[in-house]
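Structure file my_file.cif (mmCIF, C-alpha atoms and all ligand atoms) follows.
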data_input
loop_
_atom_site.group_PDB
_atom_site.id
_atom_site.type_symbol
_atom_site.label_atom_id
_atom_site.label_comp_id
_atom_site.auth_asym_id
_atom_site.auth_seq_id
_atom_site.Cartn_x
_atom_site.Cartn_y
_atom_site.Cartn_z
ATOM 1 C CA MET A 1 -57.035 -99.911 15.554
ATOM 2 C CA LYS A 2 -57.232 -97.613 12.507
ATOM 3 C CA ALA A 3 -55.485 -99.073 9.422
ATOM 4 C CA SER A 4 -52.924 -96.786 7.736
ATOM 5 C CA LEU A 5 -54.108 -95.571 4.309
ATOM 6 C CA ARG A 6 -50.582 -94.499 3.382
ATOM 7 C CA PRO A 7 -49.249 -96.547 0.412
ATOM 8 C CA PRO A 8 -46.024 -98.539 1.051
ATOM 9 C CA LEU A 9 -42.665 -96.785 0.513
ATOM 10 C CA PRO A 10 -41.859 -98.307 -2.951
ATOM 11 C CA SER A 11 -45.237 -97.113 -4.303
ATOM 12 C CA ARG A 12 -44.546 -93.649 -2.893
ATOM 13 C CA ILE A 13 -41.085 -93.581 -4.526
ATOM 14 C CA LEU A 14 -42.645 -94.573 -7.868
ATOM 15 C CA SER A 15 -45.336 -91.960 -7.561
ATOM 16 C CA ALA A 16 -42.818 -89.260 -6.481
ATOM 17 C CA GLY A 17 -40.605 -90.073 -9.509
ATOM 18 C CA ALA A 18 -43.595 -89.816 -11.883
ATOM 19 C CA THR A 19 -44.748 -86.531 -10.332
ATOM 20 C CA LEU A 20 -41.266 -85.029 -10.427
ATOM 21 C CA TRP A 21 -40.866 -85.967 -14.100
ATOM 22 C CA PHE A 22 -44.292 -84.548 -14.945
ATOM 23 C CA VAL A 23 -43.476 -81.248 -13.188
ATOM 24 C CA THR A 24 -40.212 -80.836 -15.141
ATOM 25 C CA ALA A 25 -41.937 -81.843 -18.415
ATOM 26 C CA THR A 26 -44.668 -79.284 -17.708
ATOM 27 C CA LEU A 27 -42.086 -76.522 -17.241
ATOM 28 C CA GLY A 28 -40.263 -77.515 -20.433
ATOM 29 C CA GLN A 29 -43.459 -77.782 -22.474
ATOM 30 C CA LEU A 30 -44.769 -74.458 -21.182
ATOM 31 C CA ALA A 31 -41.496 -72.858 -22.346
ATOM 32 C CA PHE A 32 -42.085 -74.452 -25.791
ATOM 33 C CA VAL A 33 -45.703 -73.166 -25.849
ATOM 34 C CA ALA A 34 -44.529 -69.676 -24.788
ATOM 35 C CA PHE A 35 -42.021 -69.678 -27.664
ATOM 36 C CA ILE A 36 -44.718 -70.754 -30.170
ATOM 37 C CA VAL A 37 -47.178 -68.101 -28.942
ATOM 38 C CA ALA A 38 -44.552 -65.328 -28.986
ATOM 39 C CA PHE A 39 -42.823 -66.288 -32.239
ATOM 40 C CA PHE A 40 -45.593 -67.662 -34.502
ATOM 41 C CA GLY A 41 -48.476 -65.837 -32.752
ATOM 42 C CA GLY A 42 -46.444 -62.591 -32.820
ATOM 43 C CA ALA A 43 -45.837 -62.911 -36.588
ATOM 44 C CA LEU A 44 -49.560 -63.521 -37.155
ATOM 45 C CA ALA A 45 -50.572 -60.589 -34.937
ATOM 46 C CA THR A 46 -48.196 -58.101 -36.600
ATOM 47 C CA GLY A 47 -48.547 -59.540 -40.123
ATOM 48 C CA ASP A 48 -44.739 -59.736 -40.406
ATOM 49 C CA LEU A 49 -44.701 -63.262 -41.834
ATOM 50 C CA ALA A 50 -41.310 -62.784 -43.499
ATOM 51 C CA GLY A 51 -39.946 -62.293 -39.954
ATOM 52 C CA LEU A 52 -40.606 -66.014 -39.356
ATOM 53 C CA ASN A 53 -37.441 -66.773 -41.304
ATOM 54 C CA ALA A 54 -35.385 -65.046 -38.589
ATOM 55 C CA LYS A 55 -35.251 -68.584 -37.185
ATOM 56 C CA PRO A 56 -33.740 -71.323 -39.336
ATOM 57 C CA HIS A 57 -36.562 -73.525 -40.716
ATOM 58 C CA VAL A 58 -36.498 -76.338 -43.218
ATOM 59 C CA THR A 59 -38.635 -74.364 -45.677
ATOM 60 C CA GLY A 60 -40.383 -71.773 -43.534
ATOM 61 C CA TYR A 61 -42.205 -68.756 -45.002
ATOM 62 C CA VAL A 62 -42.066 -68.536 -48.812
ATOM 63 C CA PRO A 63 -43.525 -65.309 -50.338
ATOM 64 C CA GLY A 64 -46.502 -66.125 -52.574
ATOM 65 C CA ASP A 65 -46.904 -69.750 -51.370
ATOM 66 C CA LEU A 66 -50.303 -69.287 -49.737
ATOM 67 C CA VAL A 67 -51.087 -72.991 -49.286
ATOM 68 C CA GLY A 68 -47.623 -73.915 -48.005
ATOM 69 C CA ASN A 69 -47.397 -70.926 -45.646
ATOM 70 C CA THR A 70 -50.878 -71.637 -44.251
ATOM 71 C CA GLN A 71 -49.975 -75.265 -43.561
ATOM 72 C CA PHE A 72 -46.650 -74.265 -42.006
ATOM 73 C CA LEU A 73 -48.108 -71.546 -39.792
ATOM 74 C CA GLY A 74 -51.253 -73.547 -38.955
ATOM 75 C CA HIS A 75 -49.100 -76.568 -38.057
ATOM 76 C CA ALA A 76 -46.927 -74.542 -35.676
ATOM 77 C CA VAL A 77 -49.738 -72.558 -34.005
ATOM 78 C CA LEU A 78 -51.922 -75.657 -33.515
ATOM 79 C CA ALA A 79 -48.835 -77.454 -32.159
ATOM 80 C CA GLY A 80 -48.806 -74.882 -29.327
ATOM 81 C CA LEU A 81 -52.506 -75.496 -28.669
ATOM 82 C CA VAL A 82 -52.187 -79.298 -28.627
ATOM 83 C CA THR A 83 -49.151 -79.153 -26.312
ATOM 84 C CA PHE A 84 -51.060 -76.967 -23.850
ATOM 85 C CA ALA A 85 -54.240 -79.059 -24.120
ATOM 86 C CA GLY A 86 -52.220 -82.224 -23.423
ATOM 87 C CA LEU A 87 -50.758 -80.782 -20.234
ATOM 88 C CA TRP A 88 -54.205 -79.688 -19.012
ATOM 89 C CA GLN A 89 -55.546 -83.234 -19.488
ATOM 90 C CA LEU A 90 -52.910 -84.728 -17.207
ATOM 91 C CA VAL A 91 -53.200 -82.472 -14.151
ATOM 92 C CA PRO A 92 -55.263 -84.589 -11.707
ATOM 93 C CA ALA A 93 -56.659 -81.569 -9.816
ATOM 94 C CA LEU A 94 -58.051 -80.028 -13.036
ATOM 95 C CA ARG A 95 -59.529 -83.367 -14.072
ATOM 96 C CA ARG A 96 -61.308 -83.774 -10.728
ATOM 97 C CA ARG A 97 -62.432 -80.134 -10.459
ATOM 98 C CA TRP A 98 -63.828 -79.803 -14.014
ATOM 99 C CA PRO A 99 -64.637 -83.282 -15.419
ATOM 100 C CA ALA A 100 -66.668 -81.816 -18.306
ATOM 101 C CA ALA A 101 -63.698 -79.652 -19.322
ATOM 102 C CA HIS A 102 -61.572 -82.835 -19.315
ATOM 103 C CA ARG A 103 -63.929 -84.458 -21.808
ATOM 104 C CA TRP A 104 -64.106 -81.432 -24.115
ATOM 105 C CA ASN A 105 -60.406 -80.726 -23.878
ATOM 106 C CA GLY A 106 -59.753 -84.418 -24.589
ATOM 107 C CA ARG A 107 -61.755 -84.204 -27.810
ATOM 108 C CA LEU A 108 -59.920 -80.987 -28.705
ATOM 109 C CA PHE A 109 -56.528 -82.591 -27.956
ATOM 110 C CA LEU A 110 -57.179 -85.676 -30.081
ATOM 111 C CA ALA A 111 -58.728 -83.731 -32.988
ATOM 112 C CA VAL A 112 -55.982 -81.082 -33.059
ATOM 113 C CA ALA A 113 -53.304 -83.802 -32.709
ATOM 114 C CA LEU A 114 -54.668 -85.404 -35.885
ATOM 115 C CA VAL A 115 -54.718 -82.064 -37.766
ATOM 116 C CA VAL A 116 -51.141 -81.229 -36.678
ATOM 117 C CA THR A 117 -50.004 -84.716 -37.699
ATOM 118 C CA LEU A 118 -51.670 -84.550 -41.125
ATOM 119 C CA THR A 119 -50.280 -81.055 -41.834
ATOM 120 C CA GLY A 120 -46.879 -82.392 -40.698
ATOM 121 C CA PHE A 121 -47.099 -85.210 -43.263
ATOM 122 C CA TRP A 122 -48.023 -82.631 -45.891
ATOM 123 C CA LEU A 123 -45.057 -80.415 -44.980
ATOM 124 C CA VAL A 124 -42.581 -83.275 -45.320
ATOM 125 C CA TRP A 125 -43.912 -85.339 -48.187
ATOM 126 C CA VAL A 126 -45.774 -82.744 -50.314
ATOM 127 C CA ARG A 127 -44.123 -79.402 -49.559
ATOM 128 C CA GLY A 128 -40.738 -81.094 -49.411
ATOM 129 C CA SER A 129 -39.535 -79.750 -46.028
ATOM 130 C CA ARG A 130 -37.012 -82.543 -45.566
ATOM 131 C CA LEU A 131 -34.108 -82.777 -43.186
ATOM 132 C CA GLY A 132 -32.849 -86.151 -44.387
ATOM 133 C CA LEU A 133 -34.414 -89.540 -45.152
ATOM 134 C CA GLY A 134 -33.655 -91.041 -41.718
ATOM 135 C CA SER A 135 -35.282 -88.262 -39.706
ATOM 136 C CA ASP A 136 -38.146 -87.864 -42.249
ATOM 137 C CA VAL A 137 -39.039 -91.537 -41.863
ATOM 138 C CA SER A 138 -38.628 -91.282 -38.090
ATOM 139 C CA ILE A 139 -41.025 -88.326 -37.698
ATOM 140 C CA SER A 140 -43.469 -90.008 -40.081
ATOM 141 C CA LEU A 141 -43.482 -93.154 -37.906
ATOM 142 C CA ASN A 142 -44.041 -90.860 -34.925
ATOM 143 C CA GLY A 143 -46.988 -89.325 -36.806
ATOM 144 C CA LEU A 144 -48.468 -92.719 -37.738
ATOM 145 C CA LEU A 145 -48.307 -93.844 -34.104
ATOM 146 C CA ILE A 146 -50.013 -90.587 -33.021
ATOM 147 C CA VAL A 147 -52.919 -91.462 -35.327
ATOM 148 C CA VAL A 148 -53.068 -95.070 -34.033
ATOM 149 C CA PHE A 149 -53.054 -94.154 -30.329
ATOM 150 C CA ALA A 150 -55.313 -91.103 -30.736
ATOM 151 C CA VAL A 151 -57.939 -93.369 -32.342
ATOM 152 C CA LEU A 152 -57.466 -96.060 -29.656
ATOM 153 C CA ALA A 153 -57.691 -93.462 -26.850
ATOM 154 C CA TRP A 154 -60.872 -92.037 -28.371
ATOM 155 C CA ARG A 155 -62.509 -95.464 -28.874
ATOM 156 C CA SER A 156 -61.687 -96.693 -25.369
ATOM 157 C CA ALA A 157 -63.110 -93.459 -23.870
ATOM 158 C CA VAL A 158 -66.349 -93.914 -25.857
ATOM 159 C CA ARG A 159 -66.519 -97.566 -24.659
ATOM 160 C CA ARG A 160 -65.897 -96.243 -21.113
ATOM 161 C CA ASP A 161 -62.960 -98.636 -20.748
ATOM 162 C CA PHE A 162 -60.944 -96.208 -18.631
ATOM 163 C CA THR A 163 -58.025 -98.556 -17.935
ATOM 164 C CA ALA A 164 -57.308 -98.870 -21.667
ATOM 165 C CA HIS A 165 -58.156 -95.195 -22.196
ATOM 166 C CA ARG A 166 -55.517 -94.055 -19.672
ATOM 167 C CA ARG A 167 -52.833 -96.200 -21.332
ATOM 168 C CA HIS A 168 -53.622 -95.159 -24.909
ATOM 169 C CA ALA A 169 -54.079 -91.487 -24.001
ATOM 170 C CA LEU A 170 -50.692 -91.409 -22.228
ATOM 171 C CA ARG A 171 -49.049 -93.046 -25.273
ATOM 172 C CA ALA A 172 -50.734 -90.516 -27.599
ATOM 173 C CA TRP A 173 -49.624 -87.660 -25.338
ATOM 174 C CA LEU A 174 -45.962 -88.768 -25.297
ATOM 175 C CA LEU A 175 -46.032 -89.243 -29.072
ATOM 176 C CA VAL A 176 -47.557 -85.794 -29.667
ATOM 177 C CA ASN A 177 -44.664 -84.465 -27.618
ATOM 178 C CA GLY A 178 -42.137 -86.307 -29.809
ATOM 179 C CA VAL A 179 -41.125 -82.996 -31.424
ATOM 180 C CA TRP A 180 -40.567 -81.420 -28.006
ATOM 181 C CA PHE A 181 -38.535 -84.486 -26.890
ATOM 182 C CA LEU A 182 -36.536 -84.119 -30.115
ATOM 183 C CA ARG A 183 -35.626 -80.542 -29.268
ATOM 184 C CA ILE A 184 -34.577 -81.246 -25.699
ATOM 185 C CA GLY A 185 -32.871 -84.467 -26.868
ATOM 186 C CA ILE A 186 -30.777 -82.561 -29.408
ATOM 187 C CA MET A 187 -29.754 -80.111 -26.693
ATOM 188 C CA LEU A 188 -28.718 -82.935 -24.337
ATOM 189 C CA ALA A 189 -26.897 -84.760 -27.157
ATOM 190 C CA GLY A 190 -25.093 -81.499 -27.994
ATOM 191 C CA LEU A 191 -24.041 -81.022 -24.365
ATOM 192 C CA LEU A 192 -22.683 -84.593 -24.223
ATOM 193 C CA LEU A 193 -21.228 -85.028 -27.724
ATOM 194 C CA THR A 194 -19.733 -81.608 -28.542
ATOM 195 C CA PRO A 195 -16.970 -81.927 -25.886
ATOM 196 C CA LEU A 196 -16.084 -85.290 -27.513
ATOM 197 C CA GLY A 197 -15.654 -83.544 -30.875
ATOM 198 C CA ILE A 198 -18.761 -85.224 -32.397
ATOM 199 C CA ARG A 199 -20.785 -82.911 -34.673
ATOM 200 C CA ILE A 200 -24.552 -83.294 -35.003
ATOM 201 C CA ASP A 201 -25.713 -82.782 -38.580
ATOM 202 C CA TYR A 202 -29.171 -83.569 -39.950
ATOM 203 C CA GLN A 203 -28.081 -86.553 -42.045
ATOM 204 C CA GLY A 204 -25.671 -87.992 -39.476
ATOM 205 C CA PRO A 205 -26.202 -90.940 -37.105
ATOM 206 C CA ALA A 206 -26.404 -88.773 -33.960
ATOM 207 C CA PHE A 207 -29.371 -86.744 -35.269
ATOM 208 C CA ILE A 208 -31.162 -89.808 -36.653
ATOM 209 C CA GLY A 209 -30.562 -91.634 -33.347
ATOM 210 C CA VAL A 210 -32.006 -88.739 -31.321
ATOM 211 C CA SER A 211 -34.933 -88.504 -33.808
ATOM 212 C CA VAL A 212 -35.906 -92.147 -33.280
ATOM 213 C CA ALA A 213 -35.257 -91.947 -29.526
ATOM 214 C CA SER A 214 -37.522 -88.858 -29.299
ATOM 215 C CA TRP A 215 -40.632 -91.030 -29.631
ATOM 216 C CA LEU A 216 -39.379 -94.591 -28.998
ATOM 217 C CA LEU A 217 -37.620 -93.954 -25.681
ATOM 218 C CA PRO A 218 -40.570 -92.174 -23.968
ATOM 219 C CA LEU A 219 -42.901 -94.996 -25.131
ATOM 220 C CA ALA A 220 -40.510 -97.641 -23.765
ATOM 221 C CA VAL A 221 -40.168 -95.846 -20.418
ATOM 222 C CA LEU A 222 -43.970 -95.555 -20.201
ATOM 223 C CA GLU A 223 -44.365 -99.328 -20.740
ATOM 224 C CA LEU A 224 -41.816 -99.968 -17.953
ATOM 225 C CA TYR A 225 -43.764 -97.557 -15.742
ATOM 226 C CA PHE A 226 -47.019 -99.471 -16.399
ATOM 227 C CA ARG A 227 -45.229 -102.710 -15.482
ATOM 228 C CA ALA A 228 -43.823 -101.169 -12.304
ATOM 229 C CA GLU A 229 -47.305 -99.975 -11.322
ATOM 230 C CA ARG A 230 -48.669 -103.524 -11.667
ATOM 231 C CA SER A 231 -45.620 -105.222 -10.118
ATOM 232 C CA ARG A 232 -45.734 -106.657 -6.605
ATOM 233 C CA ARG A 233 -41.946 -106.427 -6.275
ATOM 234 C CA ALA A 234 -40.778 -103.534 -4.135
ATOM 235 C CA TRP A 235 -37.475 -103.137 -5.996
ATOM 236 C CA THR A 236 -39.223 -102.835 -9.395
ATOM 237 C CA LYS A 237 -41.278 -99.879 -8.160
ATOM 238 C CA THR A 238 -38.280 -98.323 -6.379
ATOM 239 C CA ALA A 239 -35.978 -98.690 -9.408
ATOM 240 C CA MET A 240 -38.590 -97.184 -11.727
ATOM 241 C CA GLY A 241 -39.117 -94.276 -9.331
ATOM 242 C CA ILE A 242 -35.355 -93.606 -9.403
ATOM 243 C CA VAL A 243 -35.246 -93.882 -13.243
ATOM 244 C CA LEU A 244 -38.035 -91.284 -13.443
ATOM 245 C CA GLY A 245 -36.177 -89.024 -11.012
ATOM 246 C CA VAL A 246 -33.069 -89.168 -13.237
ATOM 247 C CA ALA A 247 -35.275 -88.567 -16.317
ATOM 248 C CA ALA A 248 -36.686 -85.507 -14.551
ATOM 249 C CA LEU A 249 -33.182 -84.042 -14.137
ATOM 250 C CA ALA A 250 -32.380 -84.724 -17.815
ATOM 251 C CA THR A 251 -35.702 -83.194 -18.876
ATOM 252 C CA LEU A 252 -35.025 -80.092 -16.822
ATOM 253 C CA ALA A 253 -31.493 -79.720 -18.211
ATOM 254 C CA GLY A 254 -32.642 -80.279 -21.829
ATOM 255 C CA SER A 255 -35.550 -77.858 -21.448
ATOM 256 C CA LEU A 256 -33.381 -75.133 -19.910
ATOM 257 C CA ALA A 257 -30.835 -75.547 -22.721
ATOM 258 C CA ALA A 258 -33.571 -75.455 -25.417
ATOM 259 C CA ALA A 259 -35.135 -72.353 -23.872
ATOM 260 C CA ALA A 260 -31.759 -70.608 -23.551
ATOM 261 C CA PHE A 261 -30.154 -71.561 -26.884
ATOM 262 C CA MET A 262 -33.031 -72.424 -29.237
ATOM 263 C CA TRP A 263 -36.137 -70.423 -28.303
ATOM 264 C CA TRP A 264 -35.125 -67.291 -26.382
ATOM 265 C CA PRO A 265 -32.489 -65.984 -28.879
ATOM 266 C CA VAL A 266 -35.066 -65.640 -31.732
ATOM 267 C CA LEU A 267 -37.709 -63.776 -29.696
HETATM 268 C C1 LIG A 301 -48.417 -83.718 -33.388
HETATM 269 C C2 LIG A 301 -47.240 -83.376 -32.981
HETATM 270 C C3 LIG A 301 -46.419 -82.282 -33.594
HETATM 271 C C4 LIG A 301 -46.107 -81.092 -33.014
HETATM 272 C C5 LIG A 301 -46.491 -80.658 -31.597
HETATM 273 C C6 LIG A 301 -45.300 -80.344 -33.965
HETATM 274 C C7 LIG A 301 -44.768 -79.099 -33.744
HETATM 275 C C8 LIG A 301 -44.059 -78.339 -34.657
HETATM 276 C C9 LIG A 301 -43.577 -76.995 -34.463
HETATM 277 C C10 LIG A 301 -43.792 -76.162 -33.218
HETATM 278 C C11 LIG A 301 -42.923 -76.618 -35.571
HETATM 279 C C12 LIG A 301 -42.235 -75.270 -35.815
HETATM 280 C C13 LIG A 301 -40.768 -75.511 -35.660
HETATM 281 C C14 LIG A 301 -39.963 -74.486 -34.937
HETATM 282 O O1 LIG A 301 -39.949 -73.342 -35.334
HETATM 283 O O2 LIG A 301 -39.270 -74.886 -33.961
HETATM 284 C C15 LIG A 301 -42.949 -77.735 -36.482
HETATM 285 C C16 LIG A 301 -42.359 -77.765 -37.709
HETATM 286 C C17 LIG A 301 -42.396 -78.828 -38.564
HETATM 287 N N1 LIG A 301 -43.071 -80.025 -38.387
HETATM 288 FE FE1 LIG A 301 -44.127 -80.535 -36.784
HETATM 289 N N2 LIG A 301 -45.133 -81.111 -35.092
HETATM 290 C C18 LIG A 301 -45.806 -82.293 -34.907
HETATM 291 C C19 LIG A 301 -45.888 -83.349 -35.795
HETATM 292 C C20 LIG A 301 -45.260 -83.395 -37.011
HETATM 293 C C21 LIG A 301 -45.263 -84.528 -37.893
HETATM 294 C C22 LIG A 301 -45.959 -85.858 -37.590
HETATM 295 C C23 LIG A 301 -44.530 -84.186 -38.975
HETATM 296 C C24 LIG A 301 -44.177 -84.981 -40.176
HETATM 297 C C25 LIG A 301 -44.696 -86.143 -40.518
HETATM 298 C C26 LIG A 301 -44.067 -82.815 -38.776
HETATM 299 C C27 LIG A 301 -43.301 -82.092 -39.661
HETATM 300 C C28 LIG A 301 -42.838 -80.817 -39.466
HETATM 301 C C29 LIG A 301 -41.967 -80.118 -40.395
HETATM 302 C C30 LIG A 301 -41.441 -80.647 -41.723
HETATM 303 C C31 LIG A 301 -41.696 -78.870 -39.852
HETATM 304 C C32 LIG A 301 -40.754 -77.788 -40.372
HETATM 305 C C33 LIG A 301 -41.342 -76.875 -41.372
HETATM 306 C C34 LIG A 301 -40.251 -75.907 -41.837
HETATM 307 O O3 LIG A 301 -39.362 -75.607 -41.057
HETATM 308 O O4 LIG A 301 -40.344 -75.489 -42.975
HETATM 309 N N3 LIG A 301 -44.532 -82.377 -37.567
HETATM 310 N N4 LIG A 301 -43.661 -78.773 -35.896
#
Just give me the structure as C-alpha cells.
Amino acid sequence: MKASLRPPLPSRILSAGATLWFVTATLGQLAFVAFIVAFFGGALATGDLAGLNAKPHVTGYVPGDLVGNTQFLGHAVLAGLVTFAGLWQLVPALRRRWPAAHRWNGRLFLAVALVVTLTGFWLVWVRGSRLGLGSDVSISLNGLLIVVFAVLAWRSAVRRDFTAHRRHALRAWLLVNGVWFLRIGIMLAGLLLTPLGIRIDYQGPAFIGVSVASWLLPLAVLELYFRAERSRRAWTKTAMGIVLGVAALATLAGSLAAAAFMWWPVL
C-alpha cells in the first residue's frame, strides 16, 4: 500500500495560516514600495525635491542641507529596495528556481538593511528628526536588533548552518519591516481607539506602545511559530495557524487603511 505523503491536518492548518499571512504582508509591503517609488522616486526623477514636503515629515527636505537631504532621500529610496528584496527572498518558488539570485539578493538585502539602519540612526540622533524620546528609543532598539540579526543571518549562511540561517534571516526580515508594521499598526490603532475618543499623538502612550509593538510583537509571534513548527501537539499547531489567520486579516485591514489614508492621498 502506498503511504500518504500529505502532512497531518494540524500541520496543514499551520502552514495555511503562515501562507495567508505572508500573502497579505506581501500585498501591504508592495503598496508601501509602490508609494516609495512614486513619491521619493518621482521627486528624484523630476528634481522637485521641495515637493517632498507635501507629506508631513519629521524634518524632510531642507533647502541647502545637502548632507541631511541626501541621507533622508537615500534612506527612503533604499528602504523601498530593501523591502522589495526581503519579499523576493521569502518566496519559495523564486528561491528554488533561481538559487544564485537568492544568494546575491540575500547579500543585497543584508547590506542595504545595514545602510538604511545606519542612515536612520543618523537622521534621529545627528540630524535631530525626533518624534519623541519613547519612539526614538524604540526605533533605535529596532535598528540595533536589525544589525544583530543581519550579522547572525550572514554568519550562519557563510557557515552553511541553514537551520540557524532561516531563523535569523526571518527575524532580520521582520525587524527591517518594523517601520511598515508601525504604519499599519498606527492605522489599526486609529481605527480602534478613535471611536473611543482616544487621540494618538507622537509623545503619548498609544503611539509609544504601537512603536514598541511594531518590532516586538512580530518577533514574539515568530518565536511562537517556530515553537509550533517543532511541537508534536496538534492543538499547538492548530492554534498557531488560527492566530496567523487572524493576523492576516489585521495585516490586510491595516495595509488597506495605510494605502488609502497615508500613501495614496500624497501621490
Ligand atoms: C531598515 C529598516 C527601515 C526602513 C525600511 C525605513 C523606512 C523609512 C521610510 C520609507 C521613510 C520615509 C517616511 C515616509 O515618508 O513615510 C523613513 C523615514 C525615517 N526613518 Fe526610517 N526606515 C528604517 C529604519 C530606520 C531606523 C533604524 C531609524 C532610526 C534609528 C529610522 C529613522 C527614520 C527617520 C527619523 C525618518 C523620518 C525622516 C523625516 O521625516 O525627516 N529609520 N524610514
Would you translate the PyMOL selection byres (((chain A and resi 254) around 10) and not hetatm) into the concrete set of residues it matches in this file, as a PDB file with C-alpha atoms, in the frame of the given file?
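Printed below is out-v9.pdb as written:
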ATOM      1  CA  GLY A  28     -40.263 -77.515 -20.433  1.00  0.00           C
ATOM      2  CA  PHE A 181     -38.535 -84.486 -26.890  1.00  0.00           C
ATOM      3  CA  LEU A 182     -36.536 -84.119 -30.115  1.00  0.00           C
ATOM      4  CA  ARG A 183     -35.626 -80.542 -29.268  1.00  0.00           C
ATOM      5  CA  ILE A 184     -34.577 -81.246 -25.699  1.00  0.00           C
ATOM      6  CA  GLY A 185     -32.871 -84.467 -26.868  1.00  0.00           C
ATOM      7  CA  ILE A 186     -30.777 -82.561 -29.408  1.00  0.00           C
ATOM      8  CA  MET A 187     -29.754 -80.111 -26.693  1.00  0.00           C
ATOM      9  CA  LEU A 188     -28.718 -82.935 -24.337  1.00  0.00           C
ATOM     10  CA  ALA A 189     -26.897 -84.760 -27.157  1.00  0.00           C
ATOM     11  CA  GLY A 190     -25.093 -81.499 -27.994  1.00  0.00           C
ATOM     12  CA  LEU A 191     -24.041 -81.022 -24.365  1.00  0.00           C
ATOM     13  CA  ALA A 248     -36.686 -85.507 -14.551  1.00  0.00           C
ATOM     14  CA  LEU A 249     -33.182 -84.042 -14.137  1.00  0.00           C
ATOM     15  CA  ALA A 250     -32.380 -84.724 -17.815  1.00  0.00           C
ATOM     16  CA  THR A 251     -35.702 -83.194 -18.876  1.00  0.00           C
ATOM     17  CA  LEU A 252     -35.025 -80.092 -16.822  1.00  0.00           C
ATOM     18  CA  ALA A 253     -31.493 -79.720 -18.211  1.00  0.00           C
ATOM     19  CA  SER A 255     -35.550 -77.858 -21.448  1.00  0.00           C
ATOM     20  CA  LEU A 256     -33.381 -75.133 -19.910  1.00  0.00           C
ATOM     21  CA  ALA A 257     -30.835 -75.547 -22.721  1.00  0.00           C
ATOM     22  CA  ALA A 258     -33.571 -75.455 -25.417  1.00  0.00           C
ATOM     23  CA  ALA A 259     -35.135 -72.353 -23.872  1.00  0.00           C
ATOM     24  CA  ALA A 260     -31.759 -70.608 -23.551  1.00  0.00           C
TER      25      ALA A 260
END
Which residues, written as a PyMOL selection string, have at least one atom at most 9 Å from Ala239 of chain A, with all atoms listed in the file counted and residues fewer than 6 positions away on the same chain left out? chain A and resi 10+13-14+228
May I have the residues from that selection written out with C-alpha atoms, as a compact mmCIF listing (two decimals), keeping the file's coordinate frame?
# COMPACT_ATOMS: atom_id res chain seq x y z
CA PRO A 10 -41.86 -98.31 -2.95
CA ILE A 13 -41.08 -93.58 -4.53
CA LEU A 14 -42.64 -94.57 -7.87
CA ALA A 228 -43.82 -101.17 -12.30
For segment 75-80 of chain A, list every protein, DNA or RNA residue within 12 Å, evaluated using all atoms listed in the file, and leave out those in the same chain fewer than 3 positions away; present the list as an MDAnalysis selection string. chainID A and resid 29:44 52 57 60:61 67:72 83:87 108:124 176:180
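Nearest residue to Leu152 of chain A among A:Ser140, A:His165, A:Trp215, A:Val210 is A:His165, counting only C-alpha atoms.
Straight-line separation from atom C18 of ligand LIG 301 (chain A) to atom CA of Asp161 of chain A: 27.6 Å.
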Could you tell me which residues the PyMOL selection byres (((chain A and resi 216) around 12) and not hetatm) returns for this structure, as an mmCIF file with C-alpha atoms, in the frame of the given file?
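Contents of part_32.cif, as written:
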data_model
loop_
_atom_site.group_PDB
_atom_site.id
_atom_site.type_symbol
_atom_site.label_atom_id
_atom_site.label_comp_id
_atom_site.auth_asym_id
_atom_site.auth_seq_id
_atom_site.Cartn_x
_atom_site.Cartn_y
_atom_site.Cartn_z
ATOM 1 C CA SER A 138 -38.628 -91.282 -38.090
ATOM 2 C CA ILE A 139 -41.025 -88.326 -37.698
ATOM 3 C CA LEU A 141 -43.482 -93.154 -37.906
ATOM 4 C CA ASN A 142 -44.041 -90.860 -34.925
ATOM 5 C CA LEU A 145 -48.307 -93.844 -34.104
ATOM 6 C CA ARG A 171 -49.049 -93.046 -25.273
ATOM 7 C CA LEU A 174 -45.962 -88.768 -25.297
ATOM 8 C CA LEU A 175 -46.032 -89.243 -29.072
ATOM 9 C CA ASN A 177 -44.664 -84.465 -27.618
ATOM 10 C CA GLY A 178 -42.137 -86.307 -29.809
ATOM 11 C CA VAL A 179 -41.125 -82.996 -31.424
ATOM 12 C CA PHE A 181 -38.535 -84.486 -26.890
ATOM 13 C CA LEU A 182 -36.536 -84.119 -30.115
ATOM 14 C CA GLY A 209 -30.562 -91.634 -33.347
ATOM 15 C CA VAL A 210 -32.006 -88.739 -31.321
ATOM 16 C CA SER A 211 -34.933 -88.504 -33.808
ATOM 17 C CA VAL A 212 -35.906 -92.147 -33.280
ATOM 18 C CA ALA A 213 -35.257 -91.947 -29.526
ATOM 19 C CA SER A 214 -37.522 -88.858 -29.299
ATOM 20 C CA TRP A 215 -40.632 -91.030 -29.631
ATOM 21 C CA LEU A 217 -37.620 -93.954 -25.681
ATOM 22 C CA PRO A 218 -40.570 -92.174 -23.968
ATOM 23 C CA LEU A 219 -42.901 -94.996 -25.131
ATOM 24 C CA ALA A 220 -40.510 -97.641 -23.765
ATOM 25 C CA VAL A 221 -40.168 -95.846 -20.418
ATOM 26 C CA LEU A 222 -43.970 -95.555 -20.201
ATOM 27 C CA GLU A 223 -44.365 -99.328 -20.740
#
In Å, how far is it from atom CA of Arg232 of chain A to atom CA of Pro92 of chain A? 24.6 Å
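Put simply, atom CA of Gln89 of chain A is 8.8 Å away from atom CA of Arg103 of chain A.
Residue nearest ligand LIG 301 (chain A) within the list A:Val62, A:Val158, A:Ile198, A:Leu170: A:Val62 [criterion: smallest interatomic distance, only C-alpha atoms and all ligand atoms].
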Write out as a PyMOL selection string the residues lying within 10 Å of Val91 of chain A, counting only C-alpha atoms and excluding same-chain residues fewer than 4 positions away. chain A and resi 22-23+26+86-87+95-96+102
For the PyMOL selection byres (((chain A and resi 240) around 8) and not hetatm), applied here, can you spell out every residue it catches as a list in words? Leu14, Gly17, Leu224, Tyr225, Ala228, Thr236, Lys237, Thr238, Ala239, Gly241, Ile242, Val243 and Leu244 of chain A
When you look at Val151 of chain A with a cut-off of 9 Å (counting only C-alpha atoms), what residues show up, excluding the ones that are within fewer than 4 positions of it in the same chain? I need them as a PDB file with C-alpha atoms, in the coordinates of the input.
ATOM      1  CA  LEU A 110     -57.179 -85.676 -30.081  1.00  0.00           C
ATOM      2  CA  ILE A 146     -50.013 -90.587 -33.021  1.00  0.00           C
ATOM      3  CA  VAL A 147     -52.919 -91.462 -35.327  1.00  0.00           C
ATOM      4  CA  ARG A 155     -62.509 -95.464 -28.874  1.00  0.00           C
ATOM      5  CA  SER A 156     -61.687 -96.693 -25.369  1.00  0.00           C
ATOM      6  CA  HIS A 168     -53.622 -95.159 -24.909  1.00  0.00           C
TER       7      HIS A 168
END
